[in-house]
>>> print(open('run13.txt').read())   # compact mmCIF, C-alpha atoms
# COMPACT_ATOMS: atom_id res chain seq x y z
CA MET A 1 -18.05 13.69 -6.80
CA GLU A 2 -15.69 10.79 -6.10
CA ARG A 3 -12.56 11.79 -4.21
CA THR A 4 -9.21 10.01 -4.17
CA VAL A 5 -6.36 10.43 -1.71
CA VAL A 6 -2.83 9.12 -2.17
CA ILE A 7 -1.26 7.83 1.05
CA ILE A 8 2.55 7.95 1.05
CA PRO A 9 4.48 6.39 3.94
CA THR A 10 7.97 7.88 4.19
CA TYR A 11 11.09 7.14 6.16
CA ASN A 12 14.31 9.07 5.43
CA GLU A 13 13.27 10.10 1.92
CA GLU A 14 14.69 13.64 1.83
CA LYS A 15 16.16 12.98 -1.65
CA ASN A 16 12.96 11.67 -3.22
CA ILE A 17 9.79 12.96 -1.56
CA LEU A 18 9.90 16.37 -3.25
CA LYS A 19 9.91 14.73 -6.71
CA VAL A 20 6.91 12.63 -5.71
CA LEU A 21 4.94 15.63 -4.43
CA LYS A 22 5.72 17.76 -7.50
CA ASP A 23 4.60 14.98 -9.86
CA LEU A 24 1.40 14.49 -7.86
CA ASN A 25 0.68 18.21 -8.25
CA THR A 26 -0.25 17.55 -11.90
CA ILE A 27 -2.87 14.91 -11.00
CA PRO A 28 -6.38 15.63 -9.58
CA VAL A 29 -5.90 13.74 -6.31
CA ASP A 30 -5.32 14.74 -2.71
CA VAL A 31 -2.23 13.61 -0.83
CA LEU A 32 -1.58 12.32 2.68
CA VAL A 33 2.07 11.92 3.69
CA VAL A 34 2.76 9.80 6.76
CA ASP A 35 6.34 10.37 7.86
CA ASP A 36 7.36 7.44 10.02
CA GLY A 37 9.80 9.19 12.35
CA SER A 38 12.45 10.09 9.76
CA THR A 39 15.86 11.00 11.17
CA ASP A 40 16.97 12.97 8.10
CA ASN A 41 15.44 16.15 6.61
CA THR A 42 12.31 14.53 5.15
CA LYS A 43 9.99 16.48 7.44
CA LYS A 44 11.78 19.77 6.67
CA VAL A 45 11.60 19.17 2.91
CA ILE A 46 7.86 18.50 3.11
CA GLN A 47 7.14 21.52 5.30
CA GLU A 48 9.19 23.87 3.11
CA TYR A 49 7.36 22.67 0.01
CA LEU A 50 4.00 23.28 1.65
CA SER A 51 5.05 26.72 2.90
CA ARG A 52 5.92 27.83 -0.64
CA GLY A 53 2.31 27.28 -1.70
CA GLU A 54 3.25 25.77 -5.06
CA HIS A 55 0.86 22.83 -4.75
CA ARG A 56 -2.65 22.83 -6.19
CA ASN A 57 -3.84 19.65 -4.54
CA ARG A 58 -4.81 19.34 -0.89
CA ILE A 59 -1.94 17.84 1.14
CA TYR A 60 -2.30 16.39 4.64
CA THR A 61 0.60 15.32 6.82
CA ILE A 62 1.16 13.03 9.78
CA PHE A 63 4.58 13.27 11.42
CA LYS A 64 5.30 10.43 13.82
CA GLU A 65 7.75 10.96 16.65
CA ARG A 66 9.38 7.56 16.21
CA ASN A 67 9.66 4.87 13.58
CA GLU A 68 6.83 2.34 13.91
CA GLY A 69 7.03 0.54 10.57
CA LYS A 70 5.21 0.72 7.24
CA SER A 71 2.13 -1.22 8.34
CA LYS A 72 1.35 1.22 11.16
CA ALA A 73 2.06 4.20 8.90
CA LEU A 74 -0.45 2.90 6.36
CA LYS A 75 -2.96 2.21 9.12
CA SER A 76 -2.65 5.77 10.49
CA GLY A 77 -3.08 7.23 7.02
CA THR A 78 -6.06 5.02 6.23
CA GLU A 79 -7.85 5.97 9.44
CA LEU A 80 -7.50 9.68 8.65
CA ALA A 81 -8.55 9.18 5.01
CA LEU A 82 -11.70 7.37 6.12
CA LYS A 83 -12.53 10.14 8.59
CA LEU A 84 -12.13 12.68 5.79
CA GLY A 85 -14.65 10.80 3.66
CA TYR A 86 -12.57 9.76 0.65
CA ASN A 87 -14.03 7.28 -1.84
CA TYR A 88 -10.75 5.76 -2.97
CA ILE A 89 -7.41 5.31 -1.24
CA LEU A 90 -4.21 4.82 -3.20
CA PHE A 91 -1.03 3.56 -1.58
CA MET A 92 2.37 4.34 -3.06
CA ASP A 93 5.94 4.48 -1.78
CA GLY A 94 7.77 7.74 -1.15
CA ASP A 95 11.10 6.73 -2.70
CA TYR A 96 10.03 7.56 -6.28
CA GLN A 97 10.14 3.93 -7.39
CA HIS A 98 6.40 4.23 -8.02
CA LYS A 99 5.54 6.87 -10.62
CA PRO A 100 2.59 9.23 -10.05
CA LYS A 101 2.06 9.31 -13.84
CA ASP A 102 0.60 5.79 -13.59
CA ILE A 103 -2.22 6.91 -11.29
CA PRO A 104 -4.61 8.16 -14.04
CA LYS A 105 -4.59 4.84 -15.90
CA MET A 106 -5.17 2.94 -12.66
CA LEU A 107 -8.14 5.17 -11.83
CA LYS A 108 -9.45 4.76 -15.37
CA LYS A 109 -9.26 0.97 -15.18
CA LEU A 110 -10.94 0.94 -11.79
CA ARG A 111 -13.91 2.96 -13.03
CA GLU A 112 -14.29 1.56 -16.54
CA CYS A 113 -13.95 -2.09 -15.50
CA GLY A 114 -16.10 -1.81 -12.39
CA GLY A 115 -13.41 -2.99 -10.01
CA ASP A 116 -13.06 -2.55 -6.28
CA ALA A 117 -9.26 -2.33 -6.39
CA VAL A 118 -6.41 -2.12 -8.88
CA PHE A 119 -3.04 -3.60 -7.92
CA GLY A 120 0.09 -2.48 -9.73
CA ILE A 121 2.21 -5.03 -11.60
CA ARG A 122 5.88 -4.16 -11.97
CA LYS A 123 7.40 -5.12 -15.31
CA TYR A 124 9.90 -7.88 -14.65
CA SER A 125 12.51 -6.19 -16.83
CA SER A 126 12.55 -3.37 -14.27
CA ILE A 127 13.04 -5.60 -11.23
CA PRO A 128 16.42 -6.92 -10.00
CA ILE A 129 16.71 -10.67 -10.63
CA HIS A 130 16.71 -11.66 -6.94
CA ARG A 131 13.47 -9.76 -6.44
CA GLN A 132 11.94 -11.36 -9.53
CA ILE A 133 12.42 -14.81 -8.03
CA SER A 134 11.12 -13.96 -4.56
CA ASN A 135 8.18 -12.03 -6.00
CA PHE A 136 7.20 -14.86 -8.35
CA LEU A 137 7.27 -17.43 -5.56
CA ALA A 138 5.34 -15.19 -3.17
CA SER A 139 2.71 -14.40 -5.81
CA VAL A 140 2.17 -18.07 -6.67
CA PHE A 141 2.00 -19.03 -3.00
CA MET A 142 -0.47 -16.28 -2.14
CA SER A 143 -2.66 -16.90 -5.20
CA ILE A 144 -3.08 -20.55 -4.23
CA LEU A 145 -3.50 -19.84 -0.53
CA ILE A 146 -6.05 -17.06 -0.95
CA SER A 147 -8.06 -19.01 -3.53
CA LEU A 148 -8.30 -21.98 -1.17
CA TYR A 149 -9.07 -19.75 1.81
CA VAL A 150 -11.94 -17.79 0.25
CA GLY A 151 -13.23 -20.59 -1.99
CA ARG A 152 -12.92 -18.81 -5.34
CA PRO A 153 -10.02 -18.22 -7.73
CA TYR A 154 -7.72 -15.24 -7.31
CA LEU A 155 -4.57 -14.73 -9.37
CA PHE A 156 -1.97 -12.22 -8.21
CA ARG A 157 0.95 -11.53 -10.51
CA ASP A 158 2.75 -9.11 -8.17
CA ILE A 159 1.47 -9.59 -4.64
CA GLN A 160 4.37 -7.63 -3.11
CA CYS A 161 3.79 -4.43 -5.09
CA GLY A 162 2.62 -1.68 -2.73
CA PHE A 163 1.26 0.57 -5.52
CA ARG A 164 -2.48 -0.07 -5.42
CA ILE A 165 -5.80 1.78 -5.31
CA ILE A 166 -8.69 0.44 -3.25
CA ARG A 167 -12.30 1.43 -2.63
CA ALA A 168 -12.10 3.17 0.73
CA ASP A 169 -15.05 1.47 2.42
CA LEU A 170 -13.38 -1.93 1.89
CA LEU A 171 -10.50 -0.81 4.12
CA ARG A 172 -12.69 -0.36 7.18
CA ASP A 173 -11.92 -2.94 9.85
CA ILE A 174 -8.82 -4.12 7.95
CA TYR A 175 -5.94 -5.71 9.87
CA PHE A 176 -2.61 -4.29 8.67
CA GLY A 177 -0.26 -6.63 10.50
CA GLU A 178 2.93 -5.71 12.28
CA GLY A 179 5.71 -6.12 9.71
CA TYR A 180 6.36 -6.66 6.02
CA SER A 181 3.20 -8.70 5.43
CA VAL A 182 0.91 -5.66 5.05
CA GLU A 183 0.42 -6.01 1.26
CA HIS A 184 -0.32 -9.72 1.60
CA LEU A 185 -2.76 -9.26 4.49
CA ILE A 186 -4.68 -6.52 2.69
CA ALA A 187 -5.02 -8.78 -0.36
CA ILE A 188 -6.36 -11.66 1.76
CA GLN A 189 -8.96 -9.51 3.45
CA LEU A 190 -10.13 -7.86 0.24
CA ALA A 191 -10.57 -11.31 -1.30
CA LYS A 192 -12.49 -12.46 1.77
CA LYS A 193 -14.84 -9.50 1.28
CA GLY A 194 -15.41 -10.62 -2.31
CA ALA A 195 -13.65 -7.62 -3.86
CA LYS A 196 -13.08 -7.53 -7.60
CA ILE A 197 -9.32 -6.99 -7.80
CA LEU A 198 -7.89 -5.83 -11.12
CA GLU A 199 -4.25 -5.39 -12.12
CA GLU A 200 -2.37 -2.82 -14.20
CA TYR A 201 1.23 -2.65 -15.38
CA ILE A 202 3.26 0.19 -13.88
CA ASP A 203 6.73 1.63 -14.34
CA VAL A 204 9.24 1.41 -11.52
CA GLU A 205 12.71 2.81 -10.97
CA TYR A 206 15.17 1.18 -8.62
CA HIS A 207 17.82 3.60 -7.42
CA PRO A 208 21.48 2.49 -7.33
CA GLU A 209 21.82 3.64 -3.72
CA ALA A 210 18.65 1.90 -2.59
CA HIS A 211 18.96 -1.16 -0.41
CA SER A 212 16.30 -3.81 -0.21
CA HIS A 213 14.82 -4.33 3.24
CA ILE A 214 13.52 -7.73 2.15
CA THR A 215 15.70 -10.69 3.08
CA THR A 216 15.06 -14.41 2.80
CA ARG A 217 14.30 -14.48 6.52
CA LYS A 218 11.76 -11.68 6.16
CA ILE A 219 10.07 -13.45 3.24
CA VAL A 220 9.67 -16.51 5.46
CA ASP A 221 8.36 -14.27 8.25
CA VAL A 222 5.77 -12.83 5.85
CA MET A 223 4.50 -16.29 4.93
CA VAL A 224 4.34 -17.23 8.61
CA ASP A 225 2.41 -14.02 9.42
CA VAL A 226 -0.07 -14.78 6.67
CA LEU A 227 -0.64 -18.34 7.88
CA LYS A 228 -1.00 -17.10 11.46
CA TYR A 229 -3.62 -14.58 10.34
CA ILE A 230 -5.64 -17.25 8.56
CA MET A 231 -5.46 -19.60 11.53
CA SER A 232 -6.46 -16.81 13.93
CA ASP A 233 -9.31 -15.80 11.66
CA VAL A 234 -10.63 -19.34 11.47
CA LYS A 235 -10.40 -19.73 15.26
CA SER A 236 -12.11 -16.38 15.85
CA PHE A 237 -14.95 -17.43 13.55
CA PHE A 238 -15.79 -20.34 15.82
CA LYS A 239 -15.12 -18.47 19.07
CA GLY A 240 -16.81 -15.23 18.06
CA ASP A 241 -13.63 -13.22 18.70
CA ARG A 242 -11.99 -10.73 16.36
CA ILE A 243 -8.44 -9.71 15.57
CA VAL A 244 -8.14 -6.13 16.80
CA LYS A 245 -4.42 -5.39 17.07
CA ASN A 246 -3.27 -2.84 14.44
CA LYS A 247 -6.71 -2.86 12.85
CA VAL A 248 -8.30 0.21 11.29
CA LYS A 249 -10.57 1.91 13.81
CA GLN A 250 -14.22 2.31 12.90
>>> encode(input="run13.txt", output="structure tokens")
Amino acid sequence: MERTVVIIPTYNEEKNILKVLKDLNTIPVDVLVVDDGSTDNTKKVIQEYLSRGEHRNRIYTIFKERNEGKSKALKSGTELALKLGYNYILFMDGDYQHKPKDIPKMLKKLRECGGDAVFGIRKYSSIPIHRQISNFLASVFMSILISLYVGRPYLFRDIQCGFRIIRADLLRDIYFGEGYSVEHLIAIQLAKKGAKILEEYIDVEYHPEAHSHITTRKIVDVMVDVLKYIMSDVKSFFKGDRIVKNKVKQ
């Protein structure tokens, strides 16, 4: 039987993580929460929920002592999920912007269409205008770059969306990067492996009190990280070396 685990990186999400966990309780998936050194009551909220025994799904937790960033949180979760033998890994945020109710249709599309991954596409009407512009430009840039890099066409309509499900074995030996480029780097490496990447529209909810961590400078940094990865990968091909920093352990 195919098994799916949802990996949720969290950082100071005491107001939202309980809603996410309760919604996931209605879906036949397991859950792995990676708390990235939260300084609020996120850890306490999670532990109290687990102690009440209200959940029907299996829930694993990783509590980091200090904040290391989203890319390392996803890497830690992926390594554990692979050790536990899951067939599919789904990434989603812990701030309740991504809705667990969209998981069944993503799983359905993955299985019925014979894909290796399904990436979420946020409806533009749900995205603040400044994010629409940056997301459009990043998606166009990455679609062109990846297509040229791997030698076959890939079209990404929402490259920066972190809500995605991927065949677990394709995440072995994946380089997660060090900053905000994790979604982009995963996409590049899946394409390089020849993965069939599908897309599905999802609902999102941006909270009034939420603040975007993405600035113009960080967008530029992401593009630079991506180009550095490609250059390093090309060099390593000729030298016989491999990128190993922040890479999923075998």
>>> atom_distance(input="run13.txt", atom1="CA of Gly115 in chain A", atom2="CA of Glu205 in chain A")
26.8 Å
>>> closest_atom_pairs(input="run13.txt", of="range 43-97 of chain A", to="range 148-170 of chain A", cutoff="10 Å", atoms="only C-alpha atoms", output="JSON lines")
{"residue": "A:Thr78", "atom": "CA", "partner": "A:Ala168", "partner_atom": "CA", "distance": 8.4}
{"residue": "A:Ala81", "atom": "CA", "partner": "A:Ala168", "partner_atom": "CA", "distance": 8.2}
{"residue": "A:Leu82", "atom": "CA", "partner": "A:Ala168", "partner_atom": "CA", "distance": 6.8}
{"residue": "A:Gly85", "atom": "CA", "partner": "A:Ala168", "partner_atom": "CA", "distance": 8.6}
{"residue": "A:Tyr86", "atom": "CA", "partner": "A:Ala168", "partner_atom": "CA", "distance": 6.6}
{"residue": "A:Asn87", "atom": "CA", "partner": "A:Ala168", "partner_atom": "CA", "distance": 5.2}
{"residue": "A:Tyr88", "atom": "CA", "partner": "A:Arg167", "partner_atom": "CA", "distance": 4.6}
{"residue": "A:Ile89", "atom": "CA", "partner": "A:Ile166", "partner_atom": "CA", "distance": 5.4}
{"residue": "A:Leu90", "atom": "CA", "partner": "A:Ile165", "partner_atom": "CA", "distance": 4.0}
{"residue": "A:Phe91", "atom": "CA", "partner": "A:Phe163", "partner_atom": "CA", "distance": 5.5}
{"residue": "A:Met92", "atom": "CA", "partner": "A:Phe163", "partner_atom": "CA", "distance": 4.6}
{"residue": "A:Asp93", "atom": "CA", "partner": "A:Gly162", "partner_atom": "CA", "distance": 7.1}
{"residue": "A:Gln97", "atom": "CA", "partner": "A:Phe163", "partner_atom": "CA", "distance": 9.7}
>>> atom_distance(input="run13.txt", atom1="CA of Lys19 in chain A", atom2="CA of Leu50 in chain A")
13.3 Å
>>> atom_distance(input="run13.txt", atom1="CA of Leu227 in chain A", atom2="CA of Lys70 in chain A")
19.9 Å
>>> closest_atom_pairs(input="run13.txt", of="range 34-109 of chain A", to="range 10-17 of chain A", cutoff="9 Å", atoms="all atoms listed in the file", output="tab-separated table")
residue	atom	partner	partner_atom	distance
A:Val34	CA	A:Thr10	CA	6.1
A:Asp35	CA	A:Thr10	CA	4.7
A:Asp36	CA	A:Tyr11	CA	5.4
A:Gly37	CA	A:Tyr11	CA	6.6
A:Ser38	CA	A:Asn12	CA	4.8
A:Thr39	CA	A:Asn12	CA	6.3
A:Asp40	CA	A:Asn12	CA	5.4
A:Asn41	CA	A:Glu14	CA	5.5
A:Thr42	CA	A:Glu14	CA	4.2
A:Lys43	CA	A:Glu14	CA	7.9
A:Lys44	CA	A:Glu14	CA	8.3
A:Val45	CA	A:Glu14	CA	6.4
A:Ile46	CA	A:Ile17	CA	7.5
A:Asn67	CA	A:Tyr11	CA	7.9
A:Gly69	CA	A:Tyr11	CA	8.9
A:Lys70	CA	A:Thr10	CA	8.3
A:Ala73	CA	A:Thr10	CA	8.4
A:Asp93	CA	A:Thr10	CA	7.2
A:Gly94	CA	A:Thr10	CA	5.3
A:Asp95	CA	A:Asn16	CA	5.3
A:Tyr96	CA	A:Asn16	CA	5.9
>>> closest_residue(input="run13.txt", among="A:Arg217, A:Arg58, A:Lys235, A:Lys196", to="Ala117 in chain A", atoms="all atoms listed in the file")
A:Lys196
>>> closest_residue(input="run13.txt", among="A:Ser139, A:Ser71, A:Ser51, A:Asn57", to="Leu21 in chain A", atoms="only C-alpha atoms")
A:Asn57
>>> closest_residue(input="run13.txt", among="A:Leu24, A:Ala191, A:Val234, A:Leu32", to="Lys99 in chain A", atoms="all atoms listed in the file")
A:Leu24
>>> residues_around(input="run13.txt", residues="Lys22 in chain A", least_positions_apart="3", cutoff="10 Å", atoms="only C-alpha atoms", output="count of residues only")
11
>>> residues_around(input="run13.txt", residues="Gly177 in chain A", least_positions_apart="4", cutoff="10 Å", atoms="only C-alpha atoms", output="PyMOL selection string")
chain A and resi 70-72+75+181-186+222+225-226+229+245-247
>>> closest_residue(input="run13.txt", among="A:Met231, A:Ile146, A:Cys113, A:Leu74", to="Tyr175 in chain A", atoms="only C-alpha atoms")
A:Leu74
>>> residues_around(input="run13.txt", residues="range 108-112 of chain A", least_positions_apart="4", cutoff="8 Å", atoms="all atoms listed in the file", output="list in words")
Pro104, Asp116, Ala117, Val118, Leu198 and Glu200 of chain A
>>> closest_residue(input="run13.txt", among="A:Val31, A:Leu84, A:Leu171, A:Gly120", to="Leu107 in chain A", atoms="only C-alpha atoms")
A:Gly120
>>> decode(input="run13.txt", residues="range 142-240 of chain A", atoms="C-alpha atoms", output="CSV table (one decimal), in the first residue's frame")
chain,number,residue,atom,x,y,z
A,142,MET,CA,12.9,29.4,-14.1
A,143,SER,CA,10.8,27.8,-16.9
A,144,ILE,CA,13.3,29.1,-19.6
A,145,LEU,CA,16.4,28.3,-17.5
A,146,ILE,CA,15.3,24.8,-16.6
A,147,SER,CA,14.2,23.9,-20.1
A,148,LEU,CA,17.6,25.1,-21.5
A,149,TYR,CA,19.5,23.3,-18.7
A,150,VAL,CA,17.9,19.9,-19.1
A,151,GLY,CA,17.3,20.1,-22.8
A,152,ARG,CA,13.5,19.6,-22.8
A,153,PRO,CA,10.5,21.9,-22.2
A,154,TYR,CA,9.3,22.6,-18.7
A,155,LEU,CA,6.6,25.1,-17.9
A,156,PHE,CA,6.1,26.3,-14.3
A,157,ARG,CA,3.2,28.6,-13.6
A,158,ASP,CA,4.0,29.0,-9.9
A,159,ILE,CA,7.6,28.0,-9.2
A,160,GLN,CA,7.6,29.7,-5.7
A,161,CYS,CA,4.6,27.7,-4.3
A,162,GLY,CA,5.8,25.4,-1.6
A,163,PHE,CA,2.7,23.2,-1.7
A,164,ARG,CA,3.8,20.1,-3.7
A,165,ILE,CA,3.8,16.3,-3.6
A,166,ILE,CA,6.7,14.4,-4.9
A,167,ARG,CA,7.6,10.7,-5.4
A,168,ALA,CA,9.8,10.0,-2.4
A,169,ASP,CA,12.6,8.2,-4.2
A,170,LEU,CA,13.2,11.2,-6.4
A,171,LEU,CA,14.1,13.2,-3.3
A,172,ARG,CA,17.1,11.0,-2.5
A,173,ASP,CA,20.4,12.9,-3.0
A,174,ILE,CA,18.6,16.2,-3.5
A,175,TYR,CA,20.4,19.4,-2.7
A,176,PHE,CA,18.1,21.7,-0.7
A,177,GLY,CA,20.2,24.9,-0.8
A,178,GLU,CA,20.8,27.3,2.1
A,179,GLY,CA,18.1,30.0,1.8
A,180,TYR,CA,14.9,30.8,0.0
A,181,SER,CA,15.8,29.0,-3.2
A,182,VAL,CA,14.7,25.6,-2.0
A,183,GLU,CA,11.6,25.4,-4.2
A,184,HIS,CA,13.5,26.4,-7.2
A,185,LEU,CA,16.4,24.0,-6.6
A,186,ILE,CA,14.1,21.1,-6.1
A,187,ALA,CA,12.3,21.8,-9.3
A,188,ILE,CA,15.6,22.0,-11.2
A,189,GLN,CA,16.8,18.6,-9.9
A,190,LEU,CA,13.5,16.9,-10.5
A,191,ALA,CA,13.6,18.1,-14.1
A,192,LYS,CA,17.2,16.9,-14.4
A,193,LYS,CA,16.0,13.4,-13.3
A,194,GLY,CA,13.3,13.5,-16.0
A,195,ALA,CA,10.4,13.7,-13.6
A,196,LYS,CA,6.9,14.2,-15.0
A,197,ILE,CA,5.8,17.3,-13.1
A,198,LEU,CA,2.1,18.1,-13.1
A,199,GLU,CA,0.3,21.1,-11.6
A,200,GLU,CA,-3.0,21.7,-9.8
A,201,TYR,CA,-4.8,24.8,-8.6
A,202,ILE,CA,-5.0,25.3,-4.9
A,203,ASP,CA,-6.7,27.7,-2.5
A,204,VAL,CA,-4.6,30.0,-0.3
A,205,GLU,CA,-5.3,32.4,2.5
A,206,TYR,CA,-3.0,35.3,3.3
A,207,HIS,CA,-3.5,36.5,6.8
A,208,PRO,CA,-3.7,40.2,7.5
A,209,GLU,CA,-1.0,39.9,10.2
A,210,ALA,CA,1.4,37.9,8.0
A,211,HIS,CA,4.5,39.6,6.7
A,212,SER,CA,6.3,38.4,3.6
A,213,HIS,CA,9.8,37.3,4.1
A,214,ILE,CA,10.5,37.7,0.4
A,215,THR,CA,12.1,41.0,-0.6
A,216,THR,CA,13.5,42.2,-3.9
A,217,ARG,CA,17.0,41.5,-2.6
A,218,LYS,CA,16.0,37.9,-1.7
A,219,ILE,CA,14.5,37.3,-5.1
A,220,VAL,CA,17.8,38.3,-6.7
A,221,ASP,CA,19.6,36.1,-4.2
A,222,VAL,CA,17.4,33.2,-5.2
A,223,MET,CA,18.2,33.7,-8.9
A,224,VAL,CA,21.9,33.9,-8.0
A,225,ASP,CA,21.7,30.7,-6.0
A,226,VAL,CA,20.1,28.9,-8.8
A,227,LEU,CA,22.7,30.0,-11.3
A,228,LYS,CA,25.5,29.1,-8.9
A,229,TYR,CA,23.9,25.6,-8.5
A,230,ILE,CA,23.8,25.1,-12.3
A,231,MET,CA,27.4,26.3,-12.7
A,232,SER,CA,28.6,24.0,-9.9
A,233,ASP,CA,26.7,21.1,-11.3
A,234,VAL,CA,28.3,21.6,-14.7
A,235,LYS,CA,31.8,21.9,-13.2
A,236,SER,CA,31.3,18.8,-11.0
A,237,PHE,CA,30.2,16.8,-14.1
A,238,PHE,CA,33.6,17.4,-15.7
A,239,LYS,CA,35.6,17.1,-12.5
A,240,GLY,CA,33.7,14.1,-11.1
